[in-house]
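Notes follow the structure.
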Amino acid sequence: MQFFTPVAIPSPRSGISPGEKILVIGSCFSDSVGERMKRSGLQVLVNPFGTLYNPVSISNSLFRLKSAVPFRETECIGMGAGSDLICSFSHHTSFARPTVEEFLQVANSALSEASAFFSECTTVIITLGTAWCFWREGEVVSNCLKRNAAEFERKILSVDNVKAVLGGIVKGISDGGKRRIIFTVSPVRHMADSAHGNQISKSTLLLAVDSVVRENPTCVGYFPSYEIMMDELRDYRFYDSDMVHPSDVAVDYIWEKFRESYVTPSDIEKMKEAERTWRRSRHRPIH
């Protein structure tokens, strides 16, 4: 008997090998899966600017990696909520520093390393979280930096908007089809928009991704993270305590599904051994 609805996973044109360099970018689900990829011995760079949720911010970050143009003082922004720290609208607040000089040093050092990695990576995995964006002075920001909400306008992208952004990513970074791009939609639910609003956002992303994948079958693929969570793991026991984020068990399950789809059996065994080595390294002697 089958007690859940199995999700069919499209067969990729080519797999992932342990020797290649992989960029993982996007929502917090990217952080979770990227960490498991690292434990498996893969050469992975995860969210070099911090967590990103909307397609425009992800696109801006990818093209920044491609151009390697250093961040300038004009991009430095003081954080809100009484903080004296400096950051930028392109970064997660973990990059924030007490002075402009310190922030630019950290941001540009990270950019230089990430750009060098990106220039050699053969696969980019993009996790889309939401179609909603925060706009400030006509531009989408990656992070509001705890500044006054009145500075920003929150709007949802249309399917055509998202499709144009994702199509631009494929055209701009696929290197003529030599670099593979794998899209997935995050299973994390954005319930601040209500259950209905979350579904509208996810549906917008899914429709746009499907169109882009169909138009670029040779270098673009799709992995159904969202669908696996909604169908194979449709039970609250597979969610964290906030009932929004997938639990560690759920992330492990989705990661195993990805690995089974993109990695050869012989390489899977190597990756499992790397995971075992990682687990042993985490054990600490009592004395």
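Each chain in the structure tokens gets a letter, A, B, ..., in the order shown, and its residues are numbered from 1; ligands are numbered from 1 in order too.
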Tell me which protein, DNA and RNA residues are within 7 Å of A:Ser40, counting only C-alpha atoms, leaving out same-chain ones fewer than 2 positions away, and put them as an mmCIF file with C-alpha atoms, in the first residue's frame.
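In the end it all went to part.cif:
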```cif
data_model
loop_
_atom_site.group_PDB
_atom_site.id
_atom_site.type_symbol
_atom_site.label_atom_id
_atom_site.label_comp_id
_atom_site.auth_asym_id
_atom_site.auth_seq_id
_atom_site.Cartn_x
_atom_site.Cartn_y
_atom_site.Cartn_z
ATOM 1 C CA ARG A 36 24.161 19.253 3.826
ATOM 2 C CA MET A 37 25.985 19.472 0.507
ATOM 3 C CA LYS A 38 29.085 20.700 2.326
ATOM 4 C CA LEU A 42 30.877 18.860 -2.310
ATOM 5 C CA MET A 271 29.240 11.411 -0.202
ATOM 6 C CA LYS A 272 27.773 9.224 2.542
ATOM 7 C CA ALA A 274 32.089 12.142 3.772
ATOM 8 C CA GLU A 275 28.969 12.690 5.891
#
```
Using only C-alpha atoms, which residues of stretch 252-279 of chain A come within 12 Å of stretch 203-225 of chain A, and what is the closest atom pair for each, with the distance in Å to one decimal? Give it as a tab-separated table, sorted by chain and residue number.
```
residue	atom	partner	partner_atom	distance
A:Asp252	CA	A:Ser225	CA	11.5
A:Tyr253	CA	A:Ser225	CA	10.0
A:Ile254	CA	A:Ser225	CA	6.5
A:Trp255	CA	A:Ser225	CA	8.8
A:Glu256	CA	A:Ser225	CA	11.1
A:Lys257	CA	A:Ser225	CA	9.0
A:Phe258	CA	A:Phe223	CA	7.4
A:Arg259	CA	A:Phe223	CA	10.9
A:Glu260	CA	A:Phe223	CA	11.7
A:Ser261	CA	A:Phe223	CA	9.1
A:Tyr262	CA	A:Phe223	CA	9.9
```
Exercise. So which residues touch A:Cys121 within 10 Å, counting only C-alpha atoms, skipping near sequence neighbours fewer than 5 positions away, as a count of residues only?
Worked result: 11
Exercise. Looking only at the backbone, which of the residues in stretch 18-226 of chain A does DSSP tag as alpha helix (DSSP H), as a PyMOL selection string?
Worked result: chain A and resi 28-39+55-67+100-120+159-173+194-215+225-226
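Proximity of A:Cys28, A:Val46, A:Val69, A:Leu145 to A:Gly82, computed with only C-alpha atoms, is greatest for A:Leu145.
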